[in-house]
file run.txt (compact mmCIF, C-alpha atoms)
# COMPACT_ATOMS: atom_id res chain seq x y z
CA MET A 1 18.02 0.77 10.10
CA GLU A 2 17.42 4.01 8.17
CA ILE A 3 16.59 7.37 9.76
CA ILE A 4 14.88 10.41 8.33
CA ASN A 5 14.60 13.82 9.96
CA VAL A 6 11.34 15.72 9.90
CA LYS A 7 11.25 19.42 10.74
CA THR A 8 7.94 20.57 12.16
CA GLY A 9 6.93 24.22 12.18
CA ARG A 10 4.09 24.48 14.67
CA ARG A 11 3.05 23.02 18.02
CA LYS A 12 0.56 20.74 16.28
CA GLU A 13 1.08 19.74 12.68
CA PHE A 14 0.78 16.65 10.49
CA VAL A 15 3.73 16.48 8.06
CA GLU A 16 3.46 14.12 5.12
CA ILE A 17 6.53 11.89 4.80
CA THR A 18 5.37 9.51 2.05
CA SER A 19 7.93 10.56 -0.56
CA GLN A 20 10.84 10.33 1.88
CA ILE A 21 9.78 6.78 2.81
CA GLU A 22 9.39 5.90 -0.86
CA ASP A 23 12.97 7.03 -1.49
CA ILE A 24 14.23 4.68 1.21
CA VAL A 25 12.19 1.78 -0.17
CA ARG A 26 13.57 2.42 -3.67
CA LYS A 27 17.17 2.49 -2.44
CA SER A 28 16.68 -0.76 -0.50
CA ASN A 29 16.04 -2.68 -3.74
CA VAL A 30 13.51 -4.83 -1.88
CA LYS A 31 10.84 -5.94 -4.32
CA ASN A 32 8.31 -7.45 -1.92
CA GLY A 33 8.25 -6.86 1.79
CA ILE A 34 7.04 -4.69 4.63
CA CYS A 35 8.31 -1.24 5.57
CA PHE A 36 8.15 -0.67 9.34
CA LEU A 37 8.21 2.91 10.69
CA TYR A 38 8.80 4.01 14.28
CA VAL A 39 9.15 7.36 16.06
CA PRO A 40 11.49 7.38 19.10
CA HIS A 41 9.57 10.20 20.77
CA THR A 42 6.76 10.40 23.33
CA THR A 43 4.98 13.54 22.14
CA CYS A 44 4.47 12.76 18.46
CA GLY A 45 3.02 9.87 16.48
CA LEU A 46 2.51 8.33 13.06
CA THR A 47 -0.69 7.86 11.11
CA ILE A 48 -2.02 7.10 7.67
CA ASN A 49 -4.85 9.21 6.28
CA GLU A 50 -6.02 11.15 3.26
CA ASN A 51 -3.37 13.22 1.49
CA ALA A 52 -5.61 14.89 -1.10
CA ASP A 53 -7.59 17.43 0.95
CA PRO A 54 -5.44 19.11 3.64
CA SER A 55 -8.59 19.87 5.63
CA VAL A 56 -8.61 16.23 6.76
CA LYS A 57 -5.36 16.78 8.69
CA LYS A 58 -6.84 19.93 10.22
CA ASP A 59 -9.97 18.10 11.32
CA ILE A 60 -7.98 15.34 13.02
CA ILE A 61 -5.75 17.84 14.82
CA ASP A 62 -8.72 19.98 15.88
CA LYS A 63 -10.79 17.04 17.15
CA LEU A 64 -7.88 15.60 19.15
CA ASP A 65 -7.38 19.08 20.60
CA GLU A 66 -11.01 19.31 21.59
CA LEU A 67 -10.89 15.87 23.28
CA VAL A 68 -7.42 16.40 24.81
CA PRO A 69 -6.84 20.16 25.15
CA GLU A 70 -3.41 21.65 25.77
CA ASP A 71 -4.64 23.33 28.93
CA GLY A 72 -6.22 20.79 31.23
CA ASN A 73 -6.09 19.46 34.73
CA TYR A 74 -2.91 17.43 34.18
CA SER A 75 -0.31 16.14 36.66
CA HIS A 76 2.66 16.26 34.27
CA MET A 77 4.02 19.78 34.73
CA GLU A 78 5.95 20.30 31.51
CA GLY A 79 2.96 21.77 29.64
CA ASN A 80 2.81 18.94 27.12
CA ALA A 81 0.68 16.31 28.87
CA ASP A 82 -1.83 16.56 26.01
CA ALA A 83 0.92 15.64 23.53
CA HIS A 84 1.82 12.49 25.49
CA ILE A 85 -1.84 11.43 25.58
CA LYS A 86 -2.40 12.10 21.87
CA SER A 87 0.69 10.09 20.95
CA SER A 88 -0.69 7.03 22.79
CA ILE A 89 -4.04 7.44 21.00
CA VAL A 90 -2.49 7.72 17.52
CA GLY A 91 0.43 5.34 18.08
CA HIS A 92 4.21 5.46 17.59
CA SER A 93 4.54 3.03 14.70
CA LEU A 94 2.95 1.84 11.50
CA TYR A 95 3.83 -0.40 8.58
CA VAL A 96 3.11 -0.34 4.86
CA PHE A 97 3.52 -3.24 2.43
CA ILE A 98 6.05 -3.14 -0.43
CA GLU A 99 5.08 -4.62 -3.79
CA ASN A 100 7.16 -4.45 -6.98
CA GLY A 101 9.71 -2.27 -5.24
CA ARG A 102 7.23 0.42 -4.23
CA LEU A 103 5.17 1.34 -1.18
CA LYS A 104 1.72 -0.19 -1.61
CA LEU A 105 -0.63 2.51 -0.32
CA GLY A 106 -4.33 2.96 -0.98
CA THR A 107 -5.36 5.54 -3.60
CA TRP A 108 -5.90 8.36 -1.12
CA GLN A 109 -3.44 7.31 1.56
CA GLY A 110 -0.39 9.24 2.70
CA ILE A 111 1.92 8.68 5.68
CA PHE A 112 2.04 11.47 8.24
CA LEU A 113 4.22 12.34 11.18
CA CYS A 114 1.85 13.76 13.82
CA GLU A 115 3.57 16.55 15.73
CA PHE A 116 1.84 17.32 19.02
CA ASP A 117 4.56 19.33 20.78
CA GLY A 118 6.56 21.21 18.16
CA PRO A 119 8.18 22.91 16.53
CA ARG A 120 11.03 20.40 16.65
CA ILE A 121 13.22 18.19 14.53
CA ARG A 122 11.86 14.64 14.78
CA ASN A 123 13.33 11.32 13.73
CA VAL A 124 11.55 8.48 12.00
CA TRP A 125 13.29 5.11 12.10
CA ILE A 126 12.69 2.65 9.25
CA LYS A 127 13.34 -1.07 8.86
CA ILE A 128 12.44 -3.12 5.81
CA LEU A 129 11.73 -6.85 5.83
CA LYS A 130 11.66 -8.93 2.66
CA THR A 131 8.73 -11.30 2.30
CA GLU A 132 10.29 -13.42 -0.42
CA MET B 1 0.00 -10.41 -0.94
CA GLU B 2 -3.53 -11.72 -0.43
CA ILE B 3 -6.69 -9.61 -0.62
CA ILE B 4 -10.12 -10.17 0.85
CA ASN B 5 -13.25 -8.16 0.14
CA VAL B 6 -15.56 -7.13 2.95
CA LYS B 7 -19.05 -5.89 2.23
CA THR B 8 -20.41 -3.51 4.83
CA GLY B 9 -24.11 -2.81 5.18
CA ARG B 10 -24.36 0.36 7.22
CA ARG B 11 -22.56 3.67 7.64
CA LYS B 12 -20.92 2.41 10.84
CA GLU B 13 -20.44 -1.27 11.39
CA PHE B 14 -17.78 -3.66 12.74
CA VAL B 15 -17.60 -6.77 10.55
CA GLU B 16 -15.76 -9.80 11.94
CA ILE B 17 -13.22 -11.17 9.44
CA THR B 18 -11.45 -13.75 11.64
CA SER B 19 -12.55 -16.81 9.66
CA GLN B 20 -11.54 -15.28 6.32
CA ILE B 21 -8.08 -14.51 7.69
CA GLU B 22 -7.81 -18.02 9.13
CA ASP B 23 -8.55 -19.45 5.67
CA ILE B 24 -5.67 -17.46 4.20
CA VAL B 25 -3.31 -18.57 6.97
CA ARG B 26 -4.29 -22.22 6.41
CA LYS B 27 -3.69 -22.01 2.66
CA SER B 28 -0.28 -20.37 3.21
CA ASN B 29 1.03 -23.52 4.93
CA VAL B 30 3.07 -21.31 7.25
CA LYS B 31 3.45 -23.06 10.59
CA ASN B 32 4.95 -20.24 12.67
CA GLY B 33 4.92 -16.61 11.70
CA ILE B 34 3.07 -13.34 11.80
CA CYS B 35 0.01 -12.39 9.77
CA PHE B 36 0.00 -8.67 8.90
CA LEU B 37 -3.29 -6.99 7.91
CA TYR B 38 -3.74 -3.58 6.28
CA VAL B 39 -6.70 -1.60 4.95
CA PRO B 40 -5.95 0.69 1.96
CA HIS B 41 -8.71 3.12 2.91
CA THR B 42 -8.88 6.34 4.92
CA THR B 43 -12.38 6.03 6.40
CA CYS B 44 -12.25 2.56 7.92
CA GLY B 45 -9.93 0.72 10.28
CA LEU B 46 -9.00 -2.60 11.85
CA THR B 47 -9.28 -3.66 15.48
CA ILE B 48 -9.22 -6.70 17.73
CA ASN B 49 -11.87 -7.02 20.40
CA GLU B 50 -14.40 -9.39 21.95
CA ASN B 51 -16.33 -11.54 19.48
CA ALA B 52 -18.66 -13.23 21.99
CA ASP B 53 -21.11 -10.46 22.96
CA PRO B 54 -22.06 -8.27 19.96
CA SER B 55 -22.92 -5.43 22.34
CA VAL B 56 -19.17 -4.76 22.71
CA LYS B 57 -18.99 -3.74 19.03
CA LYS B 58 -22.04 -1.52 19.53
CA ASP B 59 -20.50 0.17 22.56
CA ILE B 60 -17.26 0.96 20.71
CA ILE B 61 -19.15 2.38 17.71
CA ASP B 62 -21.49 4.42 19.93
CA LYS B 63 -18.69 5.85 22.08
CA LEU B 64 -16.58 6.82 19.05
CA ASP B 65 -19.70 8.47 17.64
CA GLU B 66 -20.26 10.42 20.82
CA LEU B 67 -16.62 11.62 20.86
CA VAL B 68 -16.44 12.20 17.09
CA PRO B 69 -20.00 12.83 15.82
CA GLU B 70 -20.90 12.65 12.14
CA ASP B 71 -22.21 16.21 12.26
CA GLY B 72 -19.60 18.55 13.63
CA ASN B 73 -17.73 21.71 12.87
CA TYR B 74 -15.42 20.11 10.30
CA SER B 75 -13.42 21.64 7.43
CA HIS B 76 -13.51 18.58 5.16
CA MET B 77 -16.70 19.06 3.17
CA GLU B 78 -17.44 15.50 2.03
CA GLY B 79 -19.57 14.69 5.08
CA ASN B 80 -17.20 11.99 6.33
CA ALA B 81 -14.64 13.94 8.38
CA ASP B 82 -15.68 11.90 11.43
CA ALA B 83 -14.77 8.69 9.57
CA HIS B 84 -11.27 9.96 8.75
CA ILE B 85 -10.70 10.91 12.40
CA LYS B 86 -12.00 7.58 13.74
CA SER B 87 -9.76 5.65 11.36
CA SER B 88 -6.66 7.42 12.73
CA ILE B 89 -7.78 6.65 16.30
CA VAL B 90 -8.40 2.94 15.64
CA GLY B 91 -5.59 2.43 13.10
CA HIS B 92 -5.25 0.98 9.60
CA SER B 93 -3.29 -2.16 10.40
CA LEU B 94 -2.83 -4.95 12.92
CA TYR B 95 -0.95 -8.22 13.18
CA VAL B 96 -1.68 -11.59 14.76
CA PHE B 97 0.85 -14.34 15.46
CA ILE B 98 0.65 -17.73 13.74
CA GLU B 99 1.45 -20.85 15.75
CA ASN B 100 1.08 -24.44 14.51
CA GLY B 101 -0.44 -23.20 11.27
CA ARG B 102 -3.25 -21.28 12.94
CA LEU B 103 -3.97 -17.71 14.01
CA LYS B 104 -3.00 -17.38 17.67
CA LEU B 105 -5.77 -15.22 19.14
CA GLY B 106 -6.80 -14.81 22.76
CA THR B 107 -9.86 -16.74 23.94
CA TRP B 108 -12.32 -13.92 23.39
CA GLN B 109 -10.55 -12.13 20.54
CA GLY B 110 -11.86 -11.63 17.03
CA ILE B 111 -10.55 -9.47 14.17
CA PHE B 112 -12.88 -6.73 12.97
CA LEU B 113 -12.99 -4.39 10.01
CA CYS B 114 -14.30 -1.08 11.40
CA GLU B 115 -16.51 0.61 8.82
CA PHE B 116 -16.98 4.32 9.53
CA ASP B 117 -18.33 5.51 6.15
CA GLY B 118 -20.30 2.66 4.59
CA PRO B 119 -22.00 0.87 3.14
CA ARG B 120 -19.13 -0.05 0.81
CA ILE B 121 -17.00 -2.91 -0.37
CA ARG B 122 -13.67 -2.72 1.46
CA ASN B 123 -10.39 -4.49 0.85
CA VAL B 124 -8.12 -6.00 3.46
CA TRP B 125 -4.55 -6.74 2.34
CA ILE B 126 -2.66 -9.59 4.02
CA LYS B 127 1.01 -10.55 4.12
CA ILE B 128 2.43 -13.47 6.09
CA LEU B 129 6.00 -13.68 7.39
CA LYS B 130 7.55 -16.94 8.59
CA THR B 131 9.40 -16.75 11.89
CA GLU B 132 11.22 -20.07 11.51
CA MET C 1 6.89 -17.44 20.85
CA GLU C 2 7.78 -16.16 24.30
CA ILE C 3 5.28 -15.24 27.02
CA ILE C 4 5.59 -12.99 30.03
CA ASN C 5 3.10 -12.61 32.84
CA VAL C 6 2.20 -9.18 34.19
CA LYS C 7 0.41 -8.80 37.50
CA THR C 8 -1.71 -5.69 37.74
CA GLY C 9 -2.83 -4.28 41.08
CA ARG C 10 -5.66 -1.90 40.28
CA ARG C 11 -8.60 -1.61 37.89
CA LYS C 12 -6.66 0.87 35.75
CA GLU C 13 -2.90 0.83 35.77
CA PHE C 14 -0.01 1.16 33.31
CA VAL C 15 2.75 -1.33 34.19
CA GLU C 16 6.15 -0.84 32.62
CA ILE C 17 7.46 -4.05 31.04
CA THR C 18 10.56 -2.71 29.24
CA SER C 19 13.11 -4.67 31.28
CA GLN C 20 11.23 -7.96 30.89
CA ILE C 21 11.14 -7.48 27.12
CA GLU C 22 14.84 -6.57 27.10
CA ASP C 23 15.62 -9.84 28.89
CA ILE C 24 13.83 -11.80 26.17
CA VAL C 25 15.65 -9.89 23.43
CA ARG C 26 19.00 -10.58 25.10
CA LYS C 27 18.29 -14.33 25.42
CA SER C 28 17.24 -14.52 21.76
CA ASN C 29 20.77 -13.57 20.62
CA VAL C 30 19.22 -11.65 17.72
CA LYS C 31 21.50 -8.74 16.85
CA ASN C 32 19.26 -6.84 14.43
CA GLY C 33 15.55 -7.34 14.06
CA ILE C 34 12.10 -6.39 15.27
CA CYS C 35 10.45 -7.41 18.53
CA PHE C 36 6.68 -7.82 18.14
CA LEU C 37 4.45 -7.72 21.24
CA TYR C 38 0.81 -8.77 21.51
CA VAL C 39 -1.74 -9.02 24.33
CA PRO C 40 -4.32 -11.82 23.95
CA HIS C 41 -6.93 -9.91 25.95
CA THR C 42 -9.81 -7.57 25.08
CA THR C 43 -9.75 -5.26 28.10
CA CYS C 44 -6.10 -4.23 28.18
CA GLY C 45 -3.62 -2.81 25.69
CA LEU C 46 -0.01 -1.92 24.99
CA THR C 47 1.56 1.50 24.53
CA ILE C 48 4.88 3.29 24.44
CA ASN C 49 5.25 6.53 26.35
CA GLU C 50 7.46 8.42 28.79
CA ASN C 51 8.94 6.34 31.59
CA ALA C 52 10.66 9.16 33.48
CA ASP C 53 7.79 11.04 35.12
CA PRO C 54 5.05 8.68 36.40
CA SER C 55 2.52 11.51 36.15
CA VAL C 56 2.42 10.93 32.38
CA LYS C 57 0.87 7.49 32.95
CA LYS C 58 -1.64 9.03 35.36
CA ASP C 59 -2.62 11.73 32.86
CA ILE C 60 -3.24 9.17 30.09
CA ILE C 61 -5.33 6.97 32.38
CA ASP C 62 -7.31 9.95 33.72
CA LYS C 63 -8.01 11.42 30.27
CA LEU C 64 -9.15 8.06 28.85
CA ASP C 65 -11.39 7.74 31.90
CA GLU C 66 -12.89 11.15 31.31
CA LEU C 67 -13.57 10.34 27.64
CA VAL C 68 -14.70 6.76 28.30
CA PRO C 69 -15.96 6.57 31.89
CA GLU C 70 -16.48 3.27 33.69
CA ASP C 71 -20.11 4.14 34.33
CA GLY C 72 -21.86 5.01 31.10
CA ASN C 73 -24.83 4.14 28.97
CA TYR C 74 -23.33 0.89 27.68
CA SER C 75 -24.99 -2.22 26.21
CA HIS C 76 -22.37 -4.72 27.37
CA MET C 77 -23.56 -5.74 30.82
CA GLU C 78 -20.35 -7.02 32.42
CA GLY C 79 -19.37 -3.61 33.82
CA ASN C 80 -16.22 -3.36 31.70
CA ALA C 81 -17.48 -1.86 28.44
CA ASP C 82 -15.15 1.10 29.01
CA ALA C 83 -12.18 -1.28 29.15
CA HIS C 84 -13.09 -2.85 25.79
CA ILE C 85 -13.38 0.59 24.19
CA LYS C 86 -10.10 1.84 25.66
CA SER C 87 -8.26 -1.26 24.43
CA SER C 88 -9.38 -0.56 20.84
CA ILE C 89 -8.23 3.06 21.16
CA VAL C 90 -4.78 2.17 22.54
CA GLY C 91 -4.29 -1.06 20.57
CA HIS C 92 -3.36 -4.66 21.37
CA SER C 93 0.10 -4.76 19.81
CA LEU C 94 3.27 -2.80 19.22
CA TYR C 95 6.76 -3.42 17.92
CA VAL C 96 10.20 -2.10 18.78
CA PHE C 97 13.35 -2.40 16.66
CA ILE C 98 16.38 -4.39 17.84
CA GLU C 99 19.86 -3.03 17.10
CA ASN C 100 23.12 -4.51 18.37
CA GLY C 101 21.22 -7.07 20.40
CA ARG C 102 19.22 -4.51 22.36
CA LEU C 103 15.78 -2.89 22.17
CA LYS C 104 16.16 0.38 20.30
CA LEU C 105 13.90 2.77 22.22
CA GLY C 106 13.90 6.55 22.26
CA THR C 107 15.58 8.28 25.19
CA TRP C 108 12.41 8.72 27.20
CA GLN C 109 10.44 5.74 25.93
CA GLY C 110 9.25 2.77 27.95
CA ILE C 111 6.86 -0.06 27.04
CA PHE C 112 3.69 -0.27 29.10
CA LEU C 113 0.93 -2.81 29.54
CA CYS C 114 -2.27 -0.77 29.89
CA GLU C 115 -4.61 -2.45 32.34
CA PHE C 116 -8.20 -1.23 32.01
CA ASP C 117 -10.07 -3.97 33.92
CA GLY C 118 -7.79 -5.26 36.68
CA PRO C 119 -6.46 -6.38 38.96
CA ARG C 120 -5.53 -9.48 36.96
CA ILE C 121 -2.63 -11.50 35.68
CA ARG C 122 -2.10 -10.63 32.03
CA ASN C 123 -0.02 -12.27 29.33
CA VAL C 124 2.16 -10.56 26.77
CA TRP C 125 3.20 -12.66 23.77
CA ILE C 126 6.49 -11.88 22.04
CA LYS C 127 7.94 -12.88 18.66
CA ILE C 128 11.29 -11.71 17.30
CA LEU C 129 12.16 -11.44 13.62
CA LYS C 130 15.73 -11.06 12.39
CA THR C 131 16.30 -8.37 9.76
CA GLU C 132 19.74 -9.59 8.65

call {"tool": "encode", "arguments": {"input": "run.txt", "output": "structure tokens"}}
result
Amino acid sequence: MEIINVKTGRRKEFVEITSQIEDIVRKSNVKNGICFLYVPHTTCGLTINENADPSVKKDIIDKLDELVPEDGNYSHMEGNADAHIKSSIVGHSLYVFIENGRLKLGTWQGIFLCEFDGPRIRNVWIKILKTE
Amino acid sequence: MEIINVKTGRRKEFVEITSQIEDIVRKSNVKNGICFLYVPHTTCGLTINENADPSVKKDIIDKLDELVPEDGNYSHMEGNADAHIKSSIVGHSLYVFIENGRLKLGTWQGIFLCEFDGPRIRNVWIKILKTE
Amino acid sequence: MEIINVKTGRRKEFVEITSQIEDIVRKSNVKNGICFLYVPHTTCGLTINENADPSVKKDIIDKLDELVPEDGNYSHMEGNADAHIKSSIVGHSLYVFIENGRLKLGTWQGIFLCEFDGPRIRNVWIKILKTE
């Protein structure tokens, strides 16, 4: 299992981690397989979305905030109930295929760590399976 | 890696792809394993849900539209910010187990490509791993 | 493939299944790998979230209920359209890494079956892949 650290700078922020994951795939020497990612946290998530126009990240963060605001009628008293809810909506894991030794992403796709309760240092765990 | 094309006919539409995935599983001759699906797009997704009553698809589309309307106060200026947000809510990948050479779905389950910014021709990428 | 049964006691309820999954991992004797979970239903889901303070579960259930209420203007006439929608938001599957023969979860993470249309007896299907 490989681990990368991701430093987030705001309470809510999507940080692109595509190049760090590509480095790990390259070092693995796996030509064809699947790269599985996982965050061991309960107030952040992982998603794939457009990495060309940064306004896409902003729109996702803003809409999730509108649907699940930080200040709400929550039972969990640590002030981050919204972050727990958002992480279950977005999900804690995702996988990307590996072909010819490289991550096989769509043209506009990037991999993002979704911080919902930062700033913090987050971990992303990575496992790679060969498919042949 | 296998690829299927899915033609969508409306801006928002869930297209069932179960039988196309079953064909690929059959041709793979894998008896027991996991079938991993992935869409290389940022404005569509994949989900599993009921394939008996088509009104279930309609309800999911309509509710997502109510929560994330096409016309909103978005920063992304291409007119499809809602589609990017919906794709991160639903997710870009899913897997189904393979048992005895067939997809192992629940009684009422079908696999759907979730179009949020059609009509288009979409790709679904498929990789199969043997588990024994 | 392994199967566990989960009895739910209310219409909406998150039931922690971490220890049952850990038992299956232990019996598999797999030292390093990935444990894949799947629910063969269309009105429940699977998620990972905090297992320390039970109010987190309550907040997720309550927020999903606010966004997708049981009584709404739905087409599906079985009275559980909200449950179908919630299951596509949360997702029907998730995986957790295995290291040193044990589930590798974050400090505060537990695995939950998300019941949206109970009470019922639900199944969770499990497959384990070795990574070395």

call {"tool": "residues_around", "arguments": {"input": "run.txt", "residues": "region 54-57 of chain C", "least_positions_apart": "5", "cutoff": "8 Å", "atoms": "all atoms listed in the file", "output": "PyMOL selection string"}}
result
(chain A and resi 75-76+81+84) or (chain C and resi 14+49)

call {"tool": "interface_residues", "arguments": {"input": "run.txt", "of": "chain C", "to": "chain A", "cutoff": "10 Å", "atoms": "only C-alpha atoms", "output": "ChimeraX atom specification"}}
result
/C:32-34,46-51,53-64,66-67,86,88-91,94-99,104-110,129-132

call {"tool": "atom_distance", "arguments": {"input": "run.txt", "atom1": "CA of Gly118 (chain A)", "atom2": "CA of Val25 (chain A)"}}
result
27.3 Å

call {"tool": "atom_distance", "arguments": {"input": "run.txt", "atom1": "CA of Phe116 (chain B)", "atom2": "CA of Arg10 (chain B)"}}
result
8.7 Å

call {"tool": "atom_distance", "arguments": {"input": "run.txt", "atom1": "CA of Ile24 (chain A)", "atom2": "CA of Val124 (chain B)"}}
result
24.9 Å

call {"tool": "residues_around", "arguments": {"input": "run.txt", "residues": "Thr18 (chain B)", "least_positions_apart": "3", "cutoff": "8 Å", "atoms": "all atoms listed in the file", "output": "PyMOL selection string"}}
result
chain B and resi 21-22+110-112

call {"tool": "residues_near_point", "arguments": {"input": "run.txt", "point": "(11.8, -1.1, -5.6)", "cutoff": "6 Å", "atoms": "all atoms listed in the file", "output": "NGL selection string"}}
result
:A and (26 or 29-31 or 100-102)

call {"tool": "write_last_selection", "arguments": {"input": "run.txt", "atoms": "C-alpha atoms", "output": "PDB file, in the coordinates of the input"}}
result
ATOM      1  CA  ARG A  26      13.570   2.420  -3.670  1.00  0.00           C
ATOM      2  CA  ASN A  29      16.040  -2.680  -3.740  1.00  0.00           C
ATOM      3  CA  VAL A  30      13.510  -4.830  -1.880  1.00  0.00           C
ATOM      4  CA  LYS A  31      10.840  -5.940  -4.320  1.00  0.00           C
ATOM      5  CA  ASN A 100       7.160  -4.450  -6.980  1.00  0.00           C
ATOM      6  CA  GLY A 101       9.710  -2.270  -5.240  1.00  0.00           C
ATOM      7  CA  ARG A 102       7.230   0.420  -4.230  1.00  0.00           C
TER       8      ARG A 102
END

call {"tool": "residues_near_point", "arguments": {"input": "run.txt", "point": "(-21.8, -2.3, 8.2)", "cutoff": "10 Å", "atoms": "all atoms listed in the file", "output": "ChimeraX atom specification"}}
result
/B:6-15,113-121
